[in-house]
Amino acid sequence: MTQKAQQKMERSEKRLKERLRVCVATCNRADYSKLAPIMFGIKSHPEIFDLEVVVLGSHLIDDYGNTFRMIEQDEFDIGSKLHTIVRGEDEAAMVESVGLALVKLPDVLQRLAPDILLVHGDRFDALALATAAALMNIRILHLEGGEVSGTIDDSIRHAISKLAHYHAVCTRSAERHLISMCEDHSHILLAGCPSYDKLLSAHQRDDYTDIIKSWLGDDVKEQDYIVALQHPVTTDIKNSIKIYELMLDALISFNKRTLVLFPNIDAGSKEMVRVMRRKGIEQHPNFRAVKHVPFDQFIQLVAHAGCMIGNSSCGVREAGAFGTPVINLGTRQTGRETGENVLHVRDADTHNKIYHALELQFGKRYPCSKIYGDGNAVQRILKFMQSIDLSEPLQKKFCFPPVKECISQDIDHILETQSALAVDLGGTNLRVAIVSMKGKVVKKYVQLNPKTFEERIELILTMCKQAMADAVHLNCRILGVGVSTGGRVNPQDGIVLHSTKLINEWSSVDIRTPLSSALHLPVWVDNDGNCAALAERKFGHGKGMENFVTIITGTGIGGGIIQHNELIHGSTFCAAELGHIVVSLEGPECMCGSHGCIEAYSSGLALQREAKRLHDEDLLLVEGMTVNNKEQVNAIHLINAAHLGNSKAESVLHTAGTALGLGIVNILHMINPSLVILSGVLAAHYENPVRQVISQRALLSAQGTKVMVSELEDPALLGAASMVLDYTTRRTY
């Protein structure tokens, strides 16, 4: 062991004997919902941490609910209460509030002398905290830095990040933003949002109906009410007040019971409250206007709402954990990563536009999203704080460009491997795998595929839950589930429309909903041929290719088409059914009911059929070949016979290769790809015949098309994973 390593170990042992003094400063109801799970985690380890709580900002104002009381109800000892808000709710009042906080904070921080100060988010109060701590040489851990939301909050958030020594971020994009801002990558933790730890475990409370009734009335039912939360945009106060007025008008017209929360204390909030009172919202029978809802109850209200509307970050973050439909108004959250449950109304300039958005969203349900967390943020943050070396110099180090890719991968407590759960529903086996961002199959699970729908769904869930449990120990973060299956699939809704004959009782089946509901993960579903093309695009020969075709040669013949970097599905989701291109008017019958399809000549089942025919006529076996009486004759026997010089077997393979080649020539003439990738167990046997047919039958301009054999071992699983790993959910209305 080197001297440096020995010294580091000695420091770590010394740290274990000393408690880490952590000061958590909370300014308002919103940041407390993120800080509280960490505070509970710190409190549960008194042998490691010494917790001090400082309360300031709107927590201590009656008009905003005196929310410091909920901290006391959670049984935290508040060490200091600082009245730092200068009333006025305009730009000047915000500046004066920062100044007042800077006057009061030094005495408190000097008395507490914390090792680490936890600061959250992007509020002006938090900027005062970070400024004071940085000037007093106190280490700062900033939560949720690196995010983008499109308002003055961005500037404040990034300013706090530059003052902070350590960072705990929610998403990979936020981490990359901090790295591009020259923050030291070894001081960045990709943790997820702490509030998700509580969301994912507590939103299914049995008493949620009582909570709904207590806030909205006894006659209100689940998913038949709206939660509205709109804050002012300090860089465009006039327009944000106009949007707020239009939102209230639309909600009045929509005529559904609505819980309206008062806006935050930013400049413009006083005018918004005046608008609300001028419209009589507090007396309207359809509305309940409140200053504050305890977070654990607010979770239930959002989780079971028919819709959430406004511009709160809760709509684009927490609501996604429940699949609650959200309408995001204006520009306050521009740039935030959002789930597919969020409908953006950027130009909310008319009552009708907002009303139409309500019609589109109200009552829908979306797949649960884990963009901002997986329920394990607190344990990561606690572990991260324990790893901080207090003997290191306090002066920040900035890492200037060039920035390396995936810098944090070598630090196991900072960043897990972003991964997907891939499911391959085959005719014989059901396979589930954990697949990393780089296409590595980290772990695979295989079971025989049950016959009924209920048994299959139950087995898929069992295997996925096992994989998710294993992923924690394998240092993998699961982002979602991708399902590859045979047949015709509607990927937009996650429904298998018509399955292959190999998978019985699997038609018009919604796969997405039961999986997403049970696993609390977004789910994507597509045809196995399309998945093979996606796998090639991300991990195989198709990487960087704008136009190519993948042909699967296995039990059947399938494929996928990538055109202009996009997968082609077709108007009724039957594009790229390449096995059913007809190459002969008088050919053998295909499983689809037609005659002369490529699949009827070149599939594994077709070769097996011909092998059995030759065997029955005693024309298959040649010297050096034997077939056990109990052994079923298959395509491999036919291929072996051809290699040993059986002319009949050679003729069958020649016909099969020619049929496949002719089908591919038709594809070349229709869509003119630059590359054809042959995938599947028979691909290598067909490579040369296909090239030969192309050289003989294709137009001169298409004869130069490359034909390659896939090098991917599990294209179906990799393609299913790529749907998860490449998906972007932002939508704009």
# chains A, B, ... in the order shown; residues from 1 in each chain; ligands from 1

call {"tool": "residues_around", "arguments": {"residues": "A:Thr26", "least_positions_apart": "5", "cutoff": "9 Å", "atoms": "only C-alpha atoms", "output": "PyMOL selection string"}}
result
chain A and resi 31-32+35+53-57+59+118-120+125-126

call {"tool": "write_last_selection", "arguments": {"atoms": "N, CA, C and O atoms", "output": "tab-separated table (two decimals), in the first residue's frame"}}
result
chain	number	residue	atom	x	y	z
A	31	ASP	N	-38.91	23.42	-1.57
A	31	ASP	CA	-37.59	22.83	-1.36
A	31	ASP	C	-37.59	21.88	-0.16
A	31	ASP	O	-36.83	20.92	-0.10
A	32	TYR	N	-38.51	22.10	0.79
A	32	TYR	CA	-38.58	21.17	1.93
A	32	TYR	C	-39.01	19.77	1.47
A	32	TYR	O	-38.55	18.76	2.03
A	35	LEU	N	-35.81	18.28	0.48
A	35	LEU	CA	-34.81	18.15	1.54
A	35	LEU	C	-35.26	17.21	2.66
A	35	LEU	O	-34.43	16.56	3.31
A	53	VAL	N	-30.88	22.34	11.55
A	53	VAL	CA	-31.88	22.81	10.60
A	53	VAL	C	-32.04	24.32	10.74
A	53	VAL	O	-32.25	24.83	11.84
A	54	VAL	N	-31.93	25.01	9.60
A	54	VAL	CA	-32.15	26.46	9.55
A	54	VAL	C	-33.34	26.73	8.64
A	54	VAL	O	-33.42	26.20	7.52
A	55	VAL	N	-34.28	27.54	9.13
A	55	VAL	CA	-35.50	27.86	8.37
A	55	VAL	C	-35.51	29.36	8.10
A	55	VAL	O	-35.27	30.18	9.00
A	56	LEU	N	-35.80	29.71	6.86
A	56	LEU	CA	-35.88	31.11	6.47
A	56	LEU	C	-36.89	31.26	5.33
A	56	LEU	O	-37.57	30.31	4.96
A	57	GLY	N	-36.97	32.47	4.76
A	57	GLY	CA	-37.81	32.68	3.59
A	57	GLY	C	-39.30	32.60	3.89
A	57	GLY	O	-39.77	32.94	4.98
A	59	HIS	N	-41.24	30.24	4.52
A	59	HIS	CA	-41.68	29.32	5.58
A	59	HIS	C	-42.32	30.08	6.75
A	59	HIS	O	-43.19	29.54	7.44
A	118	LEU	N	-26.25	21.98	3.10
A	118	LEU	CA	-27.09	21.50	1.99
A	118	LEU	C	-27.98	22.64	1.51
A	118	LEU	O	-28.74	23.22	2.30
A	119	VAL	N	-27.87	22.95	0.22
A	119	VAL	CA	-28.67	24.01	-0.40
A	119	VAL	C	-29.40	23.40	-1.59
A	119	VAL	O	-28.81	22.65	-2.37
A	120	HIS	N	-30.67	23.73	-1.72
A	120	HIS	CA	-31.46	23.15	-2.81
A	120	HIS	C	-31.85	24.20	-3.84
A	120	HIS	O	-32.23	25.31	-3.52
A	125	ASP	N	-33.46	32.95	-2.10
A	125	ASP	CA	-33.01	32.69	-0.72
A	125	ASP	C	-31.81	31.74	-0.72
A	125	ASP	O	-30.86	31.90	0.07
A	126	ALA	N	-31.86	30.72	-1.61
A	126	ALA	CA	-30.76	29.75	-1.70
A	126	ALA	C	-29.49	30.41	-2.19
A	126	ALA	O	-28.38	30.03	-1.78

call {"tool": "residues_around", "arguments": {"residues": "A:Ser484", "least_positions_apart": "2", "cutoff": "8 Å", "atoms": "only C-alpha atoms", "output": "PyMOL selection string"}}
result
chain A and resi 422-425+482+486+525-528+531+716-717+719-720

call {"tool": "closest_residue", "arguments": {"among": "A:Asn449, A:Thr84, A:Gln300, A:Asn646", "to": "A:Ser97", "atoms": "only C-alpha atoms"}}
result
A:Thr84

call {"tool": "closest_residue", "arguments": {"among": "A:Pro46, A:Pro194, A:Pro232, A:Gly570", "to": "A:Phe262", "atoms": "only C-alpha atoms"}}
result
A:Pro232

call {"tool": "atom_distance", "arguments": {"atom1": "atom CA of A:Gly587", "atom2": "atom CA of A:Ala641"}}
result
23.5 Å

call {"tool": "closest_atom_pairs", "arguments": {"of": "stretch 81-186 of chain A", "to": "stretch 368-372 of chain A", "cutoff": "12 Å", "atoms": "only C-alpha atoms", "output": "CSV"}}
result
residue,atom,partner,partner_atom,distance
A:Glu144,CA,A:Tyr372,CA,10.0
A:Glu147,CA,A:Tyr372,CA,11.1
A:Val169,CA,A:Tyr372,CA,9.1
A:Cys170,CA,A:Tyr372,CA,5.3
A:Thr171,CA,A:Tyr372,CA,6.0
A:Arg172,CA,A:Ile371,CA,9.3
A:Ser173,CA,A:Ile371,CA,10.5
A:Ala174,CA,A:Tyr372,CA,10.4

call {"tool": "write_last_selection", "arguments": {"atoms": "all heavy atoms", "output": "PDB file, in the first residue's frame"}}
result
ATOM      1  N   GLU A 144     -29.868  19.396  -7.129  1.00  0.00           N
ATOM      2  CA  GLU A 144     -30.631  19.687  -8.350  1.00  0.00           C
ATOM      3  C   GLU A 144     -30.045  20.834  -9.162  1.00  0.00           C
ATOM      4  O   GLU A 144     -30.776  21.604  -9.793  1.00  0.00           O
ATOM      5  CB  GLU A 144     -32.109  19.933  -8.024  1.00  0.00           C
ATOM      6  CG  GLU A 144     -32.769  18.721  -7.384  1.00  0.00           C
ATOM      7  CD  GLU A 144     -34.273  18.849  -7.198  1.00  0.00           C
ATOM      8  OE1 GLU A 144     -34.851  19.832  -7.706  1.00  0.00           O
ATOM      9  OE2 GLU A 144     -34.869  17.970  -6.560  1.00  0.00           O
ATOM     10  N   GLU A 147     -29.829  21.834 -14.039  1.00  0.00           N
ATOM     11  CA  GLU A 147     -31.072  21.735 -14.804  1.00  0.00           C
ATOM     12  C   GLU A 147     -31.351  23.034 -15.548  1.00  0.00           C
ATOM     13  O   GLU A 147     -30.774  24.077 -15.264  1.00  0.00           O
ATOM     14  CB  GLU A 147     -32.235  21.355 -13.878  1.00  0.00           C
ATOM     15  CG  GLU A 147     -32.042  19.979 -13.247  1.00  0.00           C
ATOM     16  CD  GLU A 147     -33.206  19.554 -12.378  1.00  0.00           C
ATOM     17  OE1 GLU A 147     -34.280  20.181 -12.452  1.00  0.00           O
ATOM     18  OE2 GLU A 147     -33.045  18.583 -11.613  1.00  0.00           O
ATOM     19  N   VAL A 169     -27.182  15.668  -8.494  1.00  0.00           N
ATOM     20  CA  VAL A 169     -28.092  16.009  -9.589  1.00  0.00           C
ATOM     21  C   VAL A 169     -29.097  14.882  -9.820  1.00  0.00           C
ATOM     22  O   VAL A 169     -28.914  13.751  -9.361  1.00  0.00           O
ATOM     23  CB  VAL A 169     -27.313  16.311 -10.888  1.00  0.00           C
ATOM     24  CG1 VAL A 169     -26.374  17.476 -10.686  1.00  0.00           C
ATOM     25  CG2 VAL A 169     -26.559  15.080 -11.368  1.00  0.00           C
ATOM     26  N   CYS A 170     -30.145  15.222 -10.595  1.00  0.00           N
ATOM     27  CA  CYS A 170     -31.241  14.271 -10.802  1.00  0.00           C
ATOM     28  C   CYS A 170     -31.132  13.502 -12.099  1.00  0.00           C
ATOM     29  O   CYS A 170     -31.625  12.373 -12.195  1.00  0.00           O
ATOM     30  CB  CYS A 170     -32.583  15.008 -10.776  1.00  0.00           C
ATOM     31  SG  CYS A 170     -32.925  15.773  -9.183  1.00  0.00           S
ATOM     32  N   THR A 171     -30.543  14.077 -13.138  1.00  0.00           N
ATOM     33  CA  THR A 171     -30.543  13.446 -14.453  1.00  0.00           C
ATOM     34  C   THR A 171     -29.160  13.480 -15.079  1.00  0.00           C
ATOM     35  O   THR A 171     -28.305  14.285 -14.699  1.00  0.00           O
ATOM     36  CB  THR A 171     -31.529  14.147 -15.409  1.00  0.00           C
ATOM     37  OG1 THR A 171     -31.029  15.461 -15.711  1.00  0.00           O
ATOM     38  CG2 THR A 171     -32.920  14.255 -14.804  1.00  0.00           C
ATOM     39  N   ARG A 172     -28.978  12.607 -16.066  1.00  0.00           N
ATOM     40  CA  ARG A 172     -27.714  12.583 -16.803  1.00  0.00           C
ATOM     41  C   ARG A 172     -27.473  13.923 -17.513  1.00  0.00           C
ATOM     42  O   ARG A 172     -26.342  14.416 -17.551  1.00  0.00           O
ATOM     43  CB  ARG A 172     -27.748  11.426 -17.815  1.00  0.00           C
ATOM     44  CG  ARG A 172     -26.583  11.402 -18.804  1.00  0.00           C
ATOM     45  CD  ARG A 172     -25.300  11.037 -18.101  1.00  0.00           C
ATOM     46  NE  ARG A 172     -25.247   9.625 -17.796  1.00  0.00           N
ATOM     47  CZ  ARG A 172     -24.600   8.729 -18.523  1.00  0.00           C
ATOM     48  NH1 ARG A 172     -23.948   9.087 -19.586  1.00  0.00           N
ATOM     49  NH2 ARG A 172     -24.568   7.462 -18.152  1.00  0.00           N
ATOM     50  N   SER A 173     -28.531  14.525 -18.069  1.00  0.00           N
ATOM     51  CA  SER A 173     -28.362  15.813 -18.755  1.00  0.00           C
ATOM     52  C   SER A 173     -27.858  16.882 -17.796  1.00  0.00           C
ATOM     53  O   SER A 173     -26.988  17.688 -18.150  1.00  0.00           O
ATOM     54  CB  SER A 173     -29.687  16.255 -19.384  1.00  0.00           C
ATOM     55  OG  SER A 173     -30.056  15.396 -20.420  1.00  0.00           O
ATOM     56  N   ALA A 174     -28.409  16.898 -16.585  1.00  0.00           N
ATOM     57  CA  ALA A 174     -27.964  17.886 -15.595  1.00  0.00           C
ATOM     58  C   ALA A 174     -26.495  17.675 -15.259  1.00  0.00           C
ATOM     59  O   ALA A 174     -25.730  18.644 -15.118  1.00  0.00           O
ATOM     60  CB  ALA A 174     -28.825  17.778 -14.344  1.00  0.00           C
TER      61      ALA A 174
END

call {"tool": "closest_residue", "arguments": {"among": "A:Ile281, A:Ile252, A:Ile152, A:Ile265", "to": "A:Glu89", "atoms": "only C-alpha atoms"}}
result
A:Ile265
